[in-house]
Amino acid sequence: MVKKVVLRQMGGSVGATIPKEMADRFHLSKGDEIFILETDQGILLTPYDPDFEKAMLVYEKGAKKYRHALNELSK
């Protein structure tokens, strides 16, 4: 879905309003954090933290390597 929005001055920044139907579809509400990424195609707004995904990959690698120790620690 493509929606046109108008950018507005918000203090020292520029902001855009996310249409209600898009906010509802992505379960976004007041106070939620979203992330803005620069891509080759332009700007990407996403509710998913790319650093969190990297951290989870590191965790999964460590959890696999130390699964026996983590299992013992959980007892």
# chains A, B, ... in the order shown; residues from 1 in each chain; ligands from 1
>>> residues_around(residues="Ala23 (chain A)", least_positions_apart="5", cutoff="12 Å", atoms="only C-alpha atoms", output="PyMOL selection string")
chain A and resi 17-18+28-30+32+34+45-47
>>> write_last_selection(atoms="C-alpha atoms", output="PDB file, in the first residue's frame")
ATOM      1  CA  THR A  17       2.174  11.117  10.485  1.00  0.00           C
ATOM      2  CA  ILE A  18       1.530   7.408   9.909  1.00  0.00           C
ATOM      3  CA  LEU A  28       1.874   0.716  16.284  1.00  0.00           C
ATOM      4  CA  SER A  29       0.607   3.109  18.909  1.00  0.00           C
ATOM      5  CA  LYS A  30       1.621   6.300  20.686  1.00  0.00           C
ATOM      6  CA  ASP A  32       6.174   2.945  20.358  1.00  0.00           C
ATOM      7  CA  ILE A  34      10.348   2.560  15.282  1.00  0.00           C
ATOM      8  CA  LEU A  45      10.696   2.743   8.661  1.00  0.00           C
ATOM      9  CA  THR A  46      10.458  -0.461  10.651  1.00  0.00           C
ATOM     10  CA  PRO A  47       9.314  -1.508  14.134  1.00  0.00           C
TER      11      PRO A  47
END
>>> select_by_dssp(residues="region 10-49 of chain A", states="strand (DSSP E)", output="MDAnalysis selection string")
chainID A and resid 10 13:15 35:39 42:46
>>> write_last_selection(atoms="C-alpha atoms", output="PDB file, in the first residue's frame")
ATOM      1  CA  MET A  10       8.349  19.248  14.817  1.00  0.00           C
ATOM      2  CA  SER A  13      13.158  17.894  13.413  1.00  0.00           C
ATOM      3  CA  VAL A  14      10.885  17.004  10.528  1.00  0.00           C
ATOM      4  CA  GLY A  15       8.147  14.439  11.126  1.00  0.00           C
ATOM      5  CA  PHE A  35      13.656   2.544  13.465  1.00  0.00           C
ATOM      6  CA  ILE A  36      14.602   4.498  10.360  1.00  0.00           C
ATOM      7  CA  LEU A  37      17.163   2.995   8.000  1.00  0.00           C
ATOM      8  CA  GLU A  38      18.795   4.421   4.909  1.00  0.00           C
ATOM      9  CA  THR A  39      18.667   1.906   2.042  1.00  0.00           C
ATOM     10  CA  GLY A  42      15.412   5.320   0.083  1.00  0.00           C
ATOM     11  CA  ILE A  43      14.172   5.417   3.676  1.00  0.00           C
ATOM     12  CA  LEU A  44      12.782   2.376   5.493  1.00  0.00           C
ATOM     13  CA  LEU A  45      10.696   2.743   8.661  1.00  0.00           C
ATOM     14  CA  THR A  46      10.458  -0.461  10.651  1.00  0.00           C
TER      15      THR A  46
END
